[in-house]
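What follows is one structure encoded as structure tokens, with my remarks underneath.
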Amino acid sequence: MDLPARASITRQPRIVLAFDLDNMYVACERLRNPWLVGKPVGVQQKGLLATASYEARALGVDKLCTLREAKQRCPSLILVNGEDLTLYRYYSRRVFNLVRSVLGTCPVEKLGMDEVFCDVTEMITEHLAELEGTSPGPQGRWFSLAQADPTEHSENKGFWYNPSLGCPGHTIPEPEATNTVNSGTEPPTEIVVASHLANHIRHLILTQIGLGSSAGIAYNKTLAKLVGNLHKPHQQTTLTVHPGTAGEYTRVVRALLDPLDAHKLMGFGWKVLCTLRDHVTGSPRASIYDTTTENHHSNTTLTVAFLRQSLTEQHFRALLGAQNGQKLWNLLDGKDEEPVKSSPEFPLTISIEDSFDERRGTLDWQGVLQEIEILANSLLRRLEIELVDGGEIDGIRSDSSLPKPPRKWQRYPSQIRLTIRGGHSKEIAYNANRESRSAALPVPVFDLDVPRVERAQALVRQPLAGLAKQILDKGMERKTVEKYEVSIINIAVTHLQITTPTKSINAFFSAGMVNGEPSLGIGSHLNVTDDVTSTIGSKRPRTIYASDLDLEMLRELPPDIRDDVLREYGIDVSELDLDERPHKQSKSDASPVAIGTKSEARPSQNPLVAISNVVSEHEIGTSVSSSSSNDEGPLSDEEPEIGNAECTICGAVVFSWSMDAHIAYHAGS
DNA sequence: GGTAAAATTT
DNA sequence: AAATTTT
């Protein structure tokens, strides 16, 4: 053979697409409530602005600023509460499923909520092989796709593209430069075709799901992601140089990477940068949390060029570990062999957490248990949505008219872990003060015949209360003798398995005893002491009216899940006239319903159904900063702050601000 | 910076 | 099993 002996231990370069959904949270909120389209929108999580729409950024709103700053800079900013992630998970999964169905057997990896990597080497190679010896017709080339999900997009078996037009969108280097400056090196056909494929997938995501995206196309993950971020909303960028062209590749990639902050490369996180900085500056501990700037990565920006010139491969291996150091060192040259790993159909862990400020997070033992129970309940709810196959598609029942199939768990977590971060000091480094304990997950939590609240309560009694005790009694800070300071509580289930668990726990549901002691009152109906109930959440439960819910949308839900939703909000199903034709509702006959604060732990609406989560002016006032003069909070008023309006078409009463969207809903159906 | 999840290290 | 690190 003419192959050099043991030619490449190193892998062949892969053709990688990296997709990034544009402004995902805002885009999702706009799908739920089209009234938000074109307006300056901010997504709020706790007291901060998690993200802002491009309109808002144009008006001077920075990401990562406090709500007060945001409102100050841009009074017209519309805030949406984004603490409940259900809606984003839903779209994230739809995008992932769509991409996977288009690409067939090619690996598709989900990175977080809004990013997807695809290794399309196989697909491109096969396509090119089929084209061998043929020439493009008048319409160009036909790219035949893997059999897509027939129910959702049977039309889309492929797409036309014109290879002679080069890559759609931006390229690096620019095509002119390729032709004139260099000796006419054309981009490899495979990367051009991959670029067309990426373009088509973006088109599908936009037309079938309604989300805009950006993409990067390159010969490895790091570079694909990196160039994808170069031109952001609704664009794509292709790095056309092939690693085989060693000289040119190095030149182009270095020109690209050298001026960048190394932090932009995957793997160069805060810790790694601190380690490197300490050794470069020779001043160990110079880079701990900087309280003056309140910035985690600090002072000196380390560029890729600087790192490569001031340190060596050996330094990297010594400082960061032989394996990891080598990988990171190679990254400085844009060398990255990380394979695109197919994301499993089910995650390996599922966790849920809530954060607490001093007000909410200074709790006695009862209070801690109460918060844990709320989280446990949310977690169980999520497990049922995501792990139980009850004919759900993307978390929503598909057809309520079919006989209900037996609800079967698709995965069984076997461990449960409780993590608590104590203390509210600003000084604590990002991840410090976290302690976790884990235990076997009692099998009876899978018994769907037992009401979820009961299973949640049982889970608190065993084993969560015990785990909490272990954590809190081992040197967690407490404010007074009987108050604990907690800033984060997280509950995770892990070790998800396909096989049904066997280990059984005696009398799991029998109330009363924890470790031989009488159990503490946990359920809200139990012997909760004094003011605990009334201080659930940072505000008093807000009064809303049943008519505030979008009845039209609710009617569309299958009865069982709809009832479940309503039950969750404590709404008496009989109050709502859901199964009959809509009749007039006026404010006076709508019944007040108490709803807690919005968060993942306390969802206040079905995020897929509610028209939106727009935060009222008053709430902004409260959450920004406690200039609120009374402990009750301004929202304890009987009157809703927001005007309602009655739909002239169906008579439903909705928020005034959502009427546009409501009308649009009629138009669309 | 809040939330979720994975991988790696101890 | 717990803690750390990254995205």
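Here's how to read the names in the structure tokens: chain A, B, ... by the order shown, residue numbers from 1 in each chain, ligand numbers from 1 in the order shown.
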Using only C-alpha atoms (C1' of nucleotides), what does the table of chain A residues within 7 Å of chain B look like, with each row giving the shortest atom pair and its distance in Å to one decimal, sorted by chain and ascending number, as CSV?
residue,atom,partner,partner_atom,distance
A:Gln45,CA,B:DG2,C1',6.4
A:Leu64,CA,B:DG1,C1',6.6
A:Thr349,CA,B:DA5,C1',6.9
A:Ser351,CA,B:DA4,C1',6.8
If you keep all heavy atoms, can you produce a file of those selected residues as a short mmCIF file (atom, residue, chain, number, x, y, z; two decimals), in the first residue's frame?
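Saved file again_19.cif follows:
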data_model
loop_
_atom_site.label_atom_id
_atom_site.label_comp_id
_atom_site.auth_asym_id
_atom_site.auth_seq_id
_atom_site.Cartn_x
_atom_site.Cartn_y
_atom_site.Cartn_z
N GLN A 45 -34.15 36.81 35.30
CA GLN A 45 -34.03 35.65 36.20
C GLN A 45 -33.58 36.20 37.55
O GLN A 45 -32.52 36.81 37.64
CB GLN A 45 -33.02 34.64 35.67
CG GLN A 45 -33.59 33.70 34.64
CD GLN A 45 -32.55 32.76 34.06
OE1 GLN A 45 -31.38 33.07 34.07
NE2 GLN A 45 -33.00 31.62 33.58
N LEU A 64 -26.53 41.05 31.59
CA LEU A 64 -25.88 40.96 32.90
C LEU A 64 -25.99 42.24 33.72
O LEU A 64 -25.15 42.51 34.55
CB LEU A 64 -24.39 40.65 32.78
CG LEU A 64 -23.92 39.56 31.84
CD1 LEU A 64 -22.43 39.32 32.05
CD2 LEU A 64 -24.69 38.29 32.09
N THR A 349 -28.39 12.92 34.00
CA THR A 349 -28.85 13.45 35.29
C THR A 349 -29.94 14.48 35.01
O THR A 349 -29.96 15.10 33.96
CB THR A 349 -27.72 14.16 36.06
OG1 THR A 349 -27.40 15.37 35.38
CG2 THR A 349 -26.49 13.32 36.18
N SER A 351 -31.69 17.68 37.16
CA SER A 351 -31.61 18.41 38.42
C SER A 351 -32.44 19.68 38.36
O SER A 351 -32.78 20.18 37.29
CB SER A 351 -30.16 18.76 38.74
OG SER A 351 -29.65 19.67 37.81
#
### Task
Hey, list the chain A side of the contact with chain C: 9 Å cut-off, only C-alpha atoms (C1' of nucleotides), answer as a PyMOL selection string.
chain A and resi 111-112+266-272+431+434-438
With N, CA and C atoms retained, write the just-selected residues as a CSV table (one decimal), in the first residue's frame.
chain,number,residue,atom,x,y,z
A,111,LEU,N,-25.3,21.0,23.2
A,111,LEU,CA,-24.5,21.7,24.2
A,111,LEU,C,-25.3,22.8,24.8
A,112,GLY,N,-25.8,22.5,26.0
A,112,GLY,CA,-26.6,23.4,26.7
A,112,GLY,C,-28.0,23.5,26.0
A,266,MET,N,-13.2,26.8,24.0
A,266,MET,CA,-13.8,25.8,24.9
A,266,MET,C,-12.8,25.1,25.7
A,267,GLY,N,-12.9,25.2,27.0
A,267,GLY,CA,-11.9,24.5,27.9
A,267,GLY,C,-11.1,25.5,28.7
A,268,PHE,N,-11.0,26.8,28.2
A,268,PHE,CA,-10.3,27.8,28.9
A,268,PHE,C,-11.3,28.6,29.8
A,269,GLY,N,-11.7,27.9,30.9
A,269,GLY,CA,-12.6,28.5,31.8
A,269,GLY,C,-11.8,29.4,32.8
A,270,TRP,N,-12.6,29.8,33.8
A,270,TRP,CA,-12.0,30.7,34.8
A,270,TRP,C,-10.8,30.1,35.5
A,271,LYS,N,-10.9,28.8,36.0
A,271,LYS,CA,-9.9,28.2,36.7
A,271,LYS,C,-8.6,28.1,35.9
A,272,VAL,N,-8.8,27.6,34.7
A,272,VAL,CA,-7.6,27.4,33.8
A,272,VAL,C,-6.9,28.7,33.6
A,431,ASN,N,-18.3,28.9,42.9
A,431,ASN,CA,-18.8,27.6,43.2
A,431,ASN,C,-18.5,27.2,44.6
A,434,ARG,N,-20.4,24.8,48.3
A,434,ARG,CA,-21.4,23.9,47.9
A,434,ARG,C,-21.0,22.6,48.6
A,435,GLU,N,-22.0,22.0,49.1
A,435,GLU,CA,-21.8,20.6,49.7
A,435,GLU,C,-23.0,19.8,49.2
A,436,SER,N,-22.6,18.5,49.0
A,436,SER,CA,-23.7,17.6,48.5
A,436,SER,C,-23.6,16.3,49.2
A,437,ARG,N,-24.7,15.6,49.3
A,437,ARG,CA,-24.8,14.3,49.8
A,437,ARG,C,-25.8,13.5,48.9
A,438,SER,N,-25.5,12.3,48.8
A,438,SER,CA,-26.4,11.5,47.9
A,438,SER,C,-26.8,10.2,48.6
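When atom CA of Ser214 of chain A is paired with atom CA of Val116 of chain A, their separation reads 10.7 Å.
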### Summary
note - atom CA of Ala255 of chain A and atom CA of Leu21 of chain A are separated by 26.7 Å
### Task
Find the residues near Leu383 of chain A: any atom within 12 Å, counting only C-alpha atoms (C1' of nucleotides), skip ones fewer than 3 places away on the same chain, and give them as a PyMOL selection string.
chain A and resi 346-347+349-352+376-380+386-389+395+408-413+445-446+448+452+456+492-494+496
Dump N, CA and C atoms for the selected residues as a short mmCIF file (atom, residue, chain, number, x, y, z; two decimals), in the first residue's frame?
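Generated file (again-v4.cif):
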data_model
loop_
_atom_site.label_atom_id
_atom_site.label_comp_id
_atom_site.auth_asym_id
_atom_site.auth_seq_id
_atom_site.Cartn_x
_atom_site.Cartn_y
_atom_site.Cartn_z
N PHE A 346 -32.04 10.36 26.52
CA PHE A 346 -32.38 10.86 27.86
C PHE A 346 -31.11 11.37 28.52
N PRO A 347 -31.21 12.46 29.24
CA PRO A 347 -30.03 12.96 29.94
C PRO A 347 -29.58 11.97 31.01
N THR A 349 -28.39 12.92 34.00
CA THR A 349 -28.85 13.45 35.29
C THR A 349 -29.94 14.48 35.01
N ILE A 350 -30.83 14.61 35.95
CA ILE A 350 -31.84 15.67 35.86
C ILE A 350 -31.84 16.39 37.20
N SER A 351 -31.69 17.68 37.16
CA SER A 351 -31.61 18.41 38.42
C SER A 351 -32.44 19.68 38.36
N ILE A 352 -32.75 20.15 39.53
CA ILE A 352 -33.56 21.35 39.62
C ILE A 352 -33.06 22.14 40.82
N ALA A 376 -38.59 19.22 45.51
CA ALA A 376 -38.82 17.80 45.25
C ALA A 376 -40.07 17.61 44.40
N ASN A 377 -41.07 18.39 44.71
CA ASN A 377 -42.30 18.31 43.94
C ASN A 377 -42.07 18.70 42.48
N SER A 378 -41.35 19.78 42.28
CA SER A 378 -41.03 20.19 40.92
C SER A 378 -40.22 19.14 40.19
N LEU A 379 -39.30 18.55 40.93
CA LEU A 379 -38.44 17.55 40.30
C LEU A 379 -39.28 16.35 39.86
N LEU A 380 -40.15 15.89 40.73
CA LEU A 380 -41.00 14.75 40.37
C LEU A 380 -41.86 15.09 39.16
N GLU A 386 -40.63 14.18 31.55
CA GLU A 386 -39.52 13.84 30.68
C GLU A 386 -39.22 12.35 30.63
N LEU A 387 -39.61 11.61 31.64
CA LEU A 387 -39.22 10.20 31.66
C LEU A 387 -40.37 9.23 31.51
N VAL A 388 -41.58 9.72 31.65
CA VAL A 388 -42.71 8.80 31.56
C VAL A 388 -43.31 8.88 30.16
N ASP A 389 -43.42 7.75 29.55
CA ASP A 389 -44.03 7.70 28.24
C ASP A 389 -45.51 7.48 28.40
N GLY A 395 -43.09 16.42 25.40
CA GLY A 395 -43.62 16.87 26.67
C GLY A 395 -45.10 17.21 26.63
N LYS A 408 -45.60 4.52 31.24
CA LYS A 408 -44.46 3.67 31.59
C LYS A 408 -43.20 4.52 31.70
N TRP A 409 -42.46 4.28 32.75
CA TRP A 409 -41.19 4.99 32.91
C TRP A 409 -40.21 4.49 31.87
N GLN A 410 -39.57 5.44 31.19
CA GLN A 410 -38.56 5.08 30.20
C GLN A 410 -37.17 4.98 30.82
N ARG A 411 -36.97 5.67 31.89
CA ARG A 411 -35.69 5.62 32.60
C ARG A 411 -35.97 5.67 34.10
N TYR A 412 -35.12 4.98 34.83
CA TYR A 412 -35.25 4.99 36.29
C TYR A 412 -33.97 5.52 36.91
N PRO A 413 -34.00 6.74 37.44
CA PRO A 413 -32.83 7.20 38.20
C PRO A 413 -32.69 6.33 39.44
N VAL A 445 -41.08 6.17 44.57
CA VAL A 445 -41.39 7.45 43.92
C VAL A 445 -41.87 7.24 42.49
N PHE A 446 -41.67 6.06 41.97
CA PHE A 446 -42.10 5.80 40.59
C PHE A 446 -43.56 5.39 40.51
N LEU A 448 -46.96 5.94 40.09
CA LEU A 448 -47.76 7.06 39.62
C LEU A 448 -49.19 7.04 40.16
N ARG A 452 -48.60 13.03 43.43
CA ARG A 452 -47.22 13.50 43.41
C ARG A 452 -46.84 14.19 44.72
N ALA A 456 -43.62 13.45 46.95
CA ALA A 456 -42.64 14.48 47.27
C ALA A 456 -42.42 14.56 48.77
N ALA A 492 -30.84 16.62 42.53
CA ALA A 492 -30.58 15.95 41.26
C ALA A 492 -30.88 14.47 41.40
N VAL A 493 -31.42 13.89 40.35
CA VAL A 493 -31.46 12.44 40.25
C VAL A 493 -30.42 12.01 39.23
N THR A 494 -29.75 10.94 39.52
CA THR A 494 -28.62 10.53 38.69
C THR A 494 -28.70 9.04 38.39
N LEU A 496 -29.43 7.39 35.60
CA LEU A 496 -30.65 6.98 34.92
C LEU A 496 -30.43 5.66 34.19
#
### Task
Return as number ranges by chain the full set of residues in segment 207-417 of chain A whose backbone-based DSSP assignment is strand (DSSP E or B).
A: 213-218, 236-239, 261, 290, 295, 303, 350-355, 362-363, 388-389, 392-393, 396-397, 408-409, 412, 415-417
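Taking atom CA of Val241 of chain A and atom CA of Pro187 of chain A as endpoints, the distance between them is 6.5 Å.
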### Task
Please give the complete set of residues from segment 77-299 of chain A that DSSP, run on the backbone, assigns to helix (DSSP H, G or I), formatted as a ChimeraX atom specification.
/A:86-103,121-131,150-153,163-165,175-180,189-209,221-228,246-257,262-264,270-281
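All residues of protein, DNA or RNA that reach within 7 Å of segment 324-340 of chain A, judged by only C-alpha atoms (C1' of nucleotides) and not counting those fewer than 3 positions away in the chain, are A:Arg11, A:Pro107, A:Val108, A:Glu109, A:Phe117, A:Cys118, A:Asp119, A:Asn220, A:Thr222, A:Leu223, A:Val253, A:Arg254, A:Gly267, A:Val304, A:Arg308, A:Glu313, A:Phe316, A:Arg317, A:Leu320, A:Gly321.
Using only C-alpha atoms (C1' of nucleotides), the protein and nucleic acid residues lying no more than 10 Å from Thr171 of chain A, apart from those fewer than 3 places from it along its own chain, are Gly166, Cys167, Pro168, Glu174, Pro175, Pro187, Val192, Ser195, Gly216, Ile217, Val227, Gln236, Thr237, Thr238, Leu239, Thr240 and Val241 of chain A.
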